[in-house]
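**Student:** Contents are compact mmCIF, C-alpha atoms and all ligand atoms; file name input-v1.txt:
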```txt
# COMPACT_ATOMS: atom_id res chain seq x y z
CA MET B 74 -63.12 60.05 69.70
CA LEU B 75 -63.16 63.79 69.19
CA GLU B 76 -60.38 64.20 66.74
CA GLU B 77 -57.28 62.26 65.71
CA ASP B 78 -53.92 63.99 65.71
CA ARG B 79 -50.71 62.82 64.10
CA ASP B 80 -49.20 60.61 66.74
CA TYR B 81 -51.24 61.31 69.80
CA PHE B 82 -54.97 61.17 70.27
CA TRP B 83 -57.71 63.14 71.94
CA PHE B 84 -60.48 61.20 73.67
CA GLU B 85 -63.24 62.16 76.01
CA LEU B 86 -62.50 61.01 79.59
CA ASP B 87 -64.49 62.01 82.69
CA GLY B 88 -66.34 64.60 80.58
CA GLU B 89 -63.15 66.27 79.29
CA LYS B 90 -61.07 66.08 76.12
CA LYS B 91 -57.78 64.44 77.13
CA LEU B 92 -54.50 63.44 75.54
CA PHE B 93 -53.60 59.78 74.90
CA THR B 94 -50.96 57.62 73.24
CA GLU B 95 -51.45 54.09 71.97
CA ASN B 96 -49.98 51.70 74.53
CA LEU B 97 -46.98 49.86 73.07
CA SER B 98 -47.04 47.60 76.12
CA PRO B 99 -50.74 46.72 76.57
CA GLY B 100 -51.95 46.13 80.11
CA LYS B 101 -48.98 48.00 81.62
CA GLN B 102 -49.22 51.38 83.32
CA VAL B 103 -46.11 53.45 84.06
CA TYR B 104 -47.36 56.08 86.54
CA LYS B 105 -50.90 54.88 87.31
CA GLU B 106 -52.22 56.75 84.26
CA LYS B 107 -55.68 55.76 83.07
CA LEU B 108 -55.99 53.15 80.32
CA LEU B 109 -58.77 53.32 77.76
CA ASN B 110 -59.86 50.65 75.30
CA LYS B 111 -61.26 51.75 71.94
CA LYS B 112 -62.14 49.13 69.32
CA GLY B 113 -59.63 46.67 70.76
CA ILE B 114 -56.76 49.18 70.96
CA GLU B 115 -55.46 50.28 74.35
CA TYR B 116 -54.53 53.91 74.95
CA ARG B 117 -52.74 55.55 77.91
CA ASN B 118 -53.77 58.94 79.23
CA TRP B 119 -50.85 61.37 78.86
CA GLU B 120 -51.04 63.61 81.92
CA PRO B 121 -49.83 67.23 81.39
CA PHE B 122 -49.37 67.71 85.13
CA ARG B 123 -46.88 64.81 85.07
CA SER B 124 -45.16 65.28 81.70
CA LYS B 125 -43.76 68.58 80.40
CA LEU B 126 -44.04 67.38 76.80
CA ALA B 127 -47.77 66.80 77.29
CA ALA B 128 -47.99 70.27 78.88
CA CYS B 129 -46.35 71.70 75.72
CA ILE B 130 -49.00 70.06 73.53
CA MET B 131 -51.76 71.42 75.75
CA ASN B 132 -50.19 74.89 75.51
CA GLY B 133 -49.98 75.06 71.71
CA LEU B 134 -46.84 73.23 70.56
CA GLU B 135 -46.52 73.91 66.81
CA GLU B 136 -43.80 71.46 65.70
CA PHE B 137 -44.27 67.85 66.85
CA PRO B 138 -41.29 65.94 65.46
CA PHE B 139 -41.90 62.62 67.23
CA ARG B 140 -43.33 60.21 64.66
CA GLU B 141 -43.46 56.53 63.93
CA LYS B 142 -39.83 55.35 63.40
CA SER B 143 -38.27 58.56 64.80
CA SER B 144 -34.97 58.32 66.66
CA VAL B 145 -34.56 60.29 69.88
CA LEU B 146 -31.83 61.03 72.41
CA TYR B 147 -33.49 61.77 75.76
CA LEU B 148 -31.41 63.26 78.59
CA GLY B 149 -32.81 62.94 82.13
CA VAL B 150 -35.35 60.12 81.78
CA SER B 151 -35.91 59.87 85.55
CA THR B 152 -38.47 57.11 86.27
CA GLY B 153 -39.66 57.17 82.66
CA THR B 154 -42.98 59.05 82.59
CA THR B 155 -42.42 61.11 79.43
CA ILE B 156 -40.12 58.69 77.61
CA SER B 157 -42.81 55.99 77.92
CA HIS B 158 -45.20 58.11 75.84
CA ILE B 159 -42.49 58.90 73.27
CA SER B 160 -41.89 55.14 73.13
CA ASP B 161 -45.61 54.64 72.34
CA ILE B 162 -45.39 57.22 69.56
CA VAL B 163 -42.18 56.17 67.77
CA GLY B 164 -43.38 52.56 67.92
CA PRO B 165 -41.48 49.29 67.42
CA LYS B 166 -39.40 50.65 64.54
CA GLY B 167 -38.38 53.82 66.36
CA MET B 168 -35.50 54.14 68.82
CA ILE B 169 -34.97 56.18 71.98
CA PHE B 170 -31.64 56.40 73.75
CA GLY B 171 -32.54 57.30 77.34
CA VAL B 172 -29.79 58.81 79.53
CA GLU B 173 -30.04 58.96 83.34
CA HIS B 174 -27.13 59.40 85.76
CA SER B 175 -28.77 58.46 89.05
CA SER B 176 -28.55 54.69 89.47
CA ARG B 177 -31.34 54.69 92.09
CA VAL B 178 -33.78 56.42 89.73
CA ALA B 179 -32.52 54.40 86.77
CA ARG B 180 -33.35 51.12 88.53
CA ASP B 181 -37.01 52.15 88.67
CA PHE B 182 -36.88 53.22 85.03
CA LEU B 183 -35.36 49.88 84.00
CA ASP B 184 -37.81 47.77 86.03
CA ARG B 185 -40.98 49.66 85.19
CA VAL B 186 -40.38 50.96 81.67
CA ALA B 187 -37.29 49.93 79.70
CA VAL B 188 -37.71 46.19 80.32
CA TYR B 189 -41.13 46.19 78.58
CA ARG B 190 -40.19 48.46 75.69
CA LYS B 191 -37.71 47.24 73.14
CA ASN B 192 -37.41 50.63 71.44
CA ILE B 193 -35.71 52.14 74.52
CA VAL B 194 -31.95 51.81 74.97
CA PRO B 195 -31.14 52.79 78.58
CA ILE B 196 -27.84 54.59 79.11
CA ILE B 197 -26.80 54.99 82.75
CA GLN B 198 -24.31 57.80 82.24
CA ASP B 199 -23.65 61.46 82.94
CA ALA B 200 -25.12 63.67 80.20
CA LYS B 201 -22.03 65.86 80.58
CA LYS B 202 -20.01 63.11 78.91
CA PRO B 203 -21.75 62.40 75.61
CA ASP B 204 -18.61 60.83 74.17
CA GLU B 205 -19.07 57.98 76.68
CA TYR B 206 -22.48 56.78 75.41
CA PHE B 207 -21.15 53.80 73.52
CA SER B 208 -24.59 52.51 72.53
CA VAL B 209 -25.74 55.53 70.48
CA PHE B 210 -24.95 54.18 67.04
CA SER B 211 -26.46 56.85 64.78
CA LYS B 212 -27.53 60.49 64.70
CA VAL B 213 -31.07 61.18 65.89
CA ASP B 214 -34.07 63.23 64.73
CA VAL B 215 -34.77 64.76 68.14
CA VAL B 216 -32.77 65.55 71.29
CA TYR B 217 -34.95 66.06 74.39
CA VAL B 218 -33.25 67.56 77.46
CA ASP B 219 -34.79 67.66 80.94
CA ILE B 220 -31.93 67.48 83.44
CA ALA B 221 -32.51 70.49 85.73
CA GLN B 222 -28.84 71.48 85.82
CA PRO B 223 -27.42 75.04 85.91
CA ASP B 224 -25.35 74.30 82.79
CA GLN B 225 -28.12 72.37 81.01
CA THR B 226 -27.98 74.46 77.82
CA LYS B 227 -24.25 73.86 77.45
CA ILE B 228 -24.84 70.13 78.02
CA ALA B 229 -27.67 70.14 75.47
CA ILE B 230 -25.47 71.84 72.84
CA ALA B 231 -22.61 69.37 73.39
CA ASN B 232 -25.01 66.42 72.99
CA CYS B 233 -26.60 67.92 69.87
CA LYS B 234 -23.19 68.51 68.29
CA MET B 235 -22.43 64.82 68.63
CA TYR B 236 -25.80 63.21 68.00
CA LEU B 237 -28.42 65.51 66.44
CA LYS B 238 -28.98 65.33 62.69
CA LYS B 239 -28.68 68.49 60.63
CA LYS B 240 -32.08 70.28 60.86
CA GLY B 241 -32.96 68.02 63.81
CA ILE B 242 -35.10 69.34 66.65
CA LEU B 243 -34.04 70.16 70.21
CA PHE B 244 -36.51 70.28 73.10
CA LEU B 245 -34.90 72.00 76.07
CA VAL B 246 -36.71 72.21 79.39
CA ILE B 247 -35.61 75.32 81.24
CA LYS B 248 -36.00 75.04 84.98
CA THR B 249 -36.18 78.76 85.54
CA ARG B 250 -35.60 78.56 89.27
CA SER B 251 -32.67 76.15 89.30
CA ILE B 252 -30.34 78.29 87.19
CA ASP B 253 -30.37 81.41 89.35
CA VAL B 254 -32.97 81.94 92.09
CA THR B 255 -32.57 85.72 92.06
CA LYS B 256 -33.31 86.22 88.33
CA GLU B 257 -36.63 86.90 86.61
CA PRO B 258 -37.83 83.73 84.81
CA ASN B 259 -38.24 85.60 81.48
CA ARG B 260 -34.68 86.87 81.65
CA ILE B 261 -33.40 83.36 82.32
CA ILE B 262 -35.23 82.02 79.26
CA ASP B 263 -33.91 84.88 77.08
CA GLU B 264 -30.35 84.18 78.21
CA GLU B 265 -30.63 80.46 77.52
CA MET B 266 -32.08 81.20 74.06
CA GLN B 267 -29.13 83.46 73.30
CA LYS B 268 -26.73 80.62 74.05
CA LEU B 269 -28.50 78.52 71.41
CA GLN B 270 -28.55 81.14 68.68
CA THR B 271 -25.24 80.28 67.00
CA ASN B 272 -26.24 76.70 66.26
CA PHE B 273 -30.05 76.74 66.25
CA ASP B 274 -33.10 78.52 64.90
CA ILE B 275 -35.50 79.03 67.78
CA LEU B 276 -38.94 77.74 66.76
CA GLN B 277 -41.00 78.35 69.87
CA ARG B 278 -40.87 78.97 73.60
CA ILE B 279 -43.69 77.63 75.67
CA ASP B 280 -44.69 78.58 79.17
CA LEU B 281 -45.88 75.40 80.90
CA LYS B 282 -48.33 77.04 83.31
CA PRO B 283 -50.75 75.98 84.75
CA PHE B 284 -49.37 72.44 84.48
CA ASP B 285 -45.90 73.31 85.72
CA LYS B 286 -45.10 76.71 87.16
CA ASP B 287 -41.31 76.48 87.34
CA HIS B 288 -40.47 75.43 83.79
CA ALA B 289 -40.55 76.60 80.21
CA MET B 290 -39.73 74.70 77.02
CA ILE B 291 -37.56 75.98 74.19
CA ILE B 292 -37.95 74.23 70.85
CA ALA B 293 -35.19 74.83 68.31
CA ARG B 294 -33.98 73.48 64.97
CA SER B 295 -30.31 72.72 64.45
CA ILE B 296 -28.68 74.76 61.70
CA ASP B 297 -25.61 72.59 61.14
C1 LIG B 301 -36.87 66.62 86.18
S1 LIG B 301 -36.24 65.01 86.11
C2 LIG B 301 -36.75 64.44 84.52
C3 LIG B 301 -38.22 64.06 84.37
C4 LIG B 301 -38.48 63.28 83.09
N1 LIG B 301 -37.84 63.94 81.96
C5 LIG B 301 -39.95 63.11 82.74
O1 LIG B 301 -40.56 64.01 82.16
O2 LIG B 301 -40.51 62.03 83.01
C6 LIG B 301 -34.53 65.30 85.84
C7 LIG B 301 -33.70 64.03 85.77
O3 LIG B 301 -32.42 64.35 85.21
C8 LIG B 301 -31.45 63.55 85.83
N2 LIG B 301 -30.14 64.21 85.63
C9 LIG B 301 -29.71 65.37 86.20
N3 LIG B 301 -28.45 65.64 85.79
C10 LIG B 301 -28.09 64.65 84.94
C11 LIG B 301 -26.90 64.38 84.21
N4 LIG B 301 -25.85 65.20 84.26
N5 LIG B 301 -26.86 63.27 83.44
C12 LIG B 301 -27.94 62.44 83.37
N6 LIG B 301 -29.09 62.63 84.06
C13 LIG B 301 -29.17 63.73 84.83
C14 LIG B 301 -31.90 63.49 87.29
O4 LIG B 301 -31.32 62.38 87.97
C15 LIG B 301 -33.41 63.39 87.13
O5 LIG B 301 -33.83 62.05 87.14
```
Can the structure in the file be given as structure tokens, please?
Ligand SMILES: C[S@@+](CC[C@H](N)C(=O)[O-])C[C@H]1O[C@@H](n2cnc3c(N)ncnc32)[C@H](O)[C@@H]1O
**Tutor:**
Amino acid sequence: MLEEDRDYFWFELDGEKKLFTENLSPGKQVYKEKLLNKKGIEYRNWEPFRSKLAACIMNGLEEFPFREKSSVLYLGVSTGTTISHISDIVGPKGMIFGVEHSSRVARDFLDRVAVYRKNIVPIIQDAKKPDEYFSVFSKVDVVYVDIAQPDQTKIAIANCKMYLKKKGILFLVIKTRSIDVTKEPNRIIDEEMQKLQTNFDILQRIDLKPFDKDHAMIIARSID
């Protein structure tokens, strides 16, 4: 082991330092990621080309609010790549409410991820209707939004107003090309940050290149 971080780990794999999380569901892979056994503990390689949160860590994320026992609301879980690593990190006493509106995608997520991980509560709903998530029973430490919608920032704010704790952290993936194809990516990010400024302190913006060339991440702390 090269060095141990808070809730993720760096190990040497194929001659390179790579990111790992401790597998909460030993023996199970989610997206054919490599498994590594160290002193009887199984770890899963967290691939930055597959997960934008891993790409953020690789590109210098300063505030990592996912810890053992954290609670998270995750919008746009898709087939569960990133949420599976957050599930490893928050552990059996943590809780992640995972929202996905496509029932086809959600079926994969349920079969391959949620069924093996008791800290994930799947919510098959539209993120535009946060008042309809009947299973979110408390406010959360982190809201993570990756829904690739033109009005994603508005949706993120509405969800945070209902479910994010005061001083809680928002991770907002900005798909720079899906909002307006004619605009400069930097201008798109600036405009989305402006929409957040009334309710959030912006902590960091991270370009996800070379792992992902069409996205950036905004990390912000809720003021109220
Ligand atoms: C880019 S993918 C997310 C990838 C995933 N976050 C990961 O890192 O593993 C975006 C997902 O958001 C979902 N989505 C889009 N609009 C949504 C909405 N209004 N409510 C819920 N899910 C939505 C899509 O069906 C899709 O699965």
**Student:** Within 9 Å of ligand LIG 301 (chain B), counting all atoms listed in the file, which protein or nucleic acid residues do you find, written as a ChimeraX atom specification?
**Tutor:** /B:123-126,147-157,172-179,196-202,217-222,225,228,246,248
**Student:** Print the selection's residues with C-alpha atoms to a file, as a CSV table (one decimal), in the coordinates of the input.
**Tutor:**
```csv
chain,number,residue,atom,x,y,z
B,123,ARG,CA,-46.9,64.8,85.1
B,124,SER,CA,-45.2,65.3,81.7
B,125,LYS,CA,-43.8,68.6,80.4
B,126,LEU,CA,-44.0,67.4,76.8
B,147,TYR,CA,-33.5,61.8,75.8
B,148,LEU,CA,-31.4,63.3,78.6
B,149,GLY,CA,-32.8,62.9,82.1
B,150,VAL,CA,-35.4,60.1,81.8
B,151,SER,CA,-35.9,59.9,85.6
B,152,THR,CA,-38.5,57.1,86.3
B,153,GLY,CA,-39.7,57.2,82.7
B,154,THR,CA,-43.0,59.0,82.6
B,155,THR,CA,-42.4,61.1,79.4
B,156,ILE,CA,-40.1,58.7,77.6
B,157,SER,CA,-42.8,56.0,77.9
B,172,VAL,CA,-29.8,58.8,79.5
B,173,GLU,CA,-30.0,59.0,83.3
B,174,HIS,CA,-27.1,59.4,85.8
B,175,SER,CA,-28.8,58.5,89.0
B,176,SER,CA,-28.6,54.7,89.5
B,177,ARG,CA,-31.3,54.7,92.1
B,178,VAL,CA,-33.8,56.4,89.7
B,179,ALA,CA,-32.5,54.4,86.8
B,196,ILE,CA,-27.8,54.6,79.1
B,197,ILE,CA,-26.8,55.0,82.8
B,198,GLN,CA,-24.3,57.8,82.2
B,199,ASP,CA,-23.6,61.5,82.9
B,200,ALA,CA,-25.1,63.7,80.2
B,201,LYS,CA,-22.0,65.9,80.6
B,202,LYS,CA,-20.0,63.1,78.9
B,217,TYR,CA,-35.0,66.1,74.4
B,218,VAL,CA,-33.2,67.6,77.5
B,219,ASP,CA,-34.8,67.7,80.9
B,220,ILE,CA,-31.9,67.5,83.4
B,221,ALA,CA,-32.5,70.5,85.7
B,222,GLN,CA,-28.8,71.5,85.8
B,225,GLN,CA,-28.1,72.4,81.0
B,228,ILE,CA,-24.8,70.1,78.0
B,246,VAL,CA,-36.7,72.2,79.4
B,248,LYS,CA,-36.0,75.0,85.0
```
**Student:** Here is a test: counting only C-alpha atoms, which residue of B:Pro223, B:Phe84, B:Glu135, B:Lys90 is nearest to Lys111 of chain B?
**Tutor:**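 The shortest atom-to-atom distance to Lys111 of chain B comes from B:Phe84.
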**Student:** When you look at Leu86 of chain B with a cut-off of 9 Å (counting all atoms listed in the file), what residues show up, excluding the ones that are within fewer than 3 positions of it in the same chain? I need them as a list of chain:residue names.
**Tutor:** B:Glu89, B:Lys90, B:Lys91, B:Leu109, B:Asn118
**Student:** Using C-alpha atoms, can you write the selected residues to a file as a short mmCIF file (atom, residue, chain, number, x, y, z; two decimals), in the coordinates of the input?
**Tutor:**
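Output (selection_19.cif):
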```
data_model
loop_
_atom_site.label_atom_id
_atom_site.label_comp_id
_atom_site.auth_asym_id
_atom_site.auth_seq_id
_atom_site.Cartn_x
_atom_site.Cartn_y
_atom_site.Cartn_z
CA GLU B 89 -63.15 66.27 79.29
CA LYS B 90 -61.07 66.08 76.12
CA LYS B 91 -57.78 64.44 77.13
CA LEU B 109 -58.77 53.32 77.76
CA ASN B 118 -53.77 58.94 79.23
#
```
**Student:** From the options B:Thr226, B:Asp204, B:Lys107, B:Lys282, which residue's atoms come nearest to Leu269 of chain B, counting all atoms listed in the file?
**Tutor:**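 Answer, going by the shortest atom-to-atom distance: B:Thr226.
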**Student:** Suppose you want the space between atom CA of His288 of chain B and atom CA of Ile247 of chain B; what is it in Å?
**Tutor:**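 Rounded to one decimal, the two atoms are 5.5 Å apart.
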**Student:** So that I can check the surroundings of segment 100-106 of chain B, please list as JSON, numbers by chain every protein, DNA and RNA residue that reaches within 12 Å of it, counting all atoms listed in the file and ignoring chain neighbours fewer than 6 positions away.
**Tutor:** {"B": [91, 92, 93, 94, 114, 115, 116, 117, 118, 119, 120, 121, 122, 123, 124, 152, 153, 154, 155, 156, 157, 158, 160, 161, 181, 182, 183, 184, 185, 186, 187, 188, 189, 190]}
**Student:** For segment 271-276 of chain B, list every protein, DNA or RNA residue within 9 Å, evaluated using only C-alpha atoms, and leave out those in the same chain fewer than 4 positions away; present the list as a ChimeraX atom specification.
**Tutor:** /B:135-136,230,234,240,242-243,266-267,291-297
**Student:** Do a neighbour search on Ile162 of chain B at 9 Å with only C-alpha atoms, toss out local chain neighbours closer than 2 positions, and write the hits as a ChimeraX atom specification.
**Tutor:** /B:80-81,94-97,139-143,157-160,164,167
**Student:** Neighbours of segment 168-171 of chain B within 6 Å (only C-alpha atoms; same-chain residues fewer than 6 positions away dropped), as JSON, numbers by chain?
**Tutor:** {"B": [144, 145, 146, 147, 150, 192, 193, 194, 195, 196]}
**Student:** Store the residues picked out above in a file with C-alpha atoms, as a PDB file, in the coordinates of the input.
**Tutor:**
```pdb
ATOM      1  CA  SER B 144     -34.970  58.320  66.660  1.00  0.00           C
ATOM      2  CA  VAL B 145     -34.560  60.290  69.880  1.00  0.00           C
ATOM      3  CA  LEU B 146     -31.830  61.030  72.410  1.00  0.00           C
ATOM      4  CA  TYR B 147     -33.490  61.770  75.760  1.00  0.00           C
ATOM      5  CA  VAL B 150     -35.350  60.120  81.780  1.00  0.00           C
ATOM      6  CA  ASN B 192     -37.410  50.630  71.440  1.00  0.00           C
ATOM      7  CA  ILE B 193     -35.710  52.140  74.520  1.00  0.00           C
ATOM      8  CA  VAL B 194     -31.950  51.810  74.970  1.00  0.00           C
ATOM      9  CA  PRO B 195     -31.140  52.790  78.580  1.00  0.00           C
ATOM     10  CA  ILE B 196     -27.840  54.590  79.110  1.00  0.00           C
TER      11      ILE B 196
END
```
**Student:** Go through B:Pro165, B:Gly133, B:Leu108, B:Arg180 one by one, measure the shortest atom-to-atom distance of each to Met290 of chain B using all atoms listed in the file, and give the residue with the smallest value.
**Tutor:** B:Gly133
**Student:** How many Å separate atom CA of Gln277 of chain B from atom CA of Asp214 of chain B?
**Tutor:** 17.4 Å
**Student:** So the first atom is atom CA of Phe137 of chain B and the second is atom CA of Tyr206 of chain B; what is the distance between them in Å, to one decimal place?
**Tutor:**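 We find that atom CA of Phe137 of chain B and atom CA of Tyr206 of chain B lie 25.9 Å from each other.
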**Student:** For Pro283 of chain B, which residue out of B:Pro99, B:Asn232, B:Asn132, B:Phe207 is the nearest one, using only C-alpha atoms?
**Tutor:**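 Checking each of B:Pro99, B:Asn232, B:Asn132, B:Phe207 against Pro283 of chain B, counting only C-alpha atoms, the winner is B:Asn132.
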**Student:** Rank B:Lys191, B:Asp224, B:Tyr236, B:Lys166 by their smallest atom-to-atom distance to Pro203 of chain B, using all atoms listed in the file, and report the top residue only.
**Tutor:**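 The shortest atom-to-atom distance to Pro203 of chain B comes from B:Tyr236.
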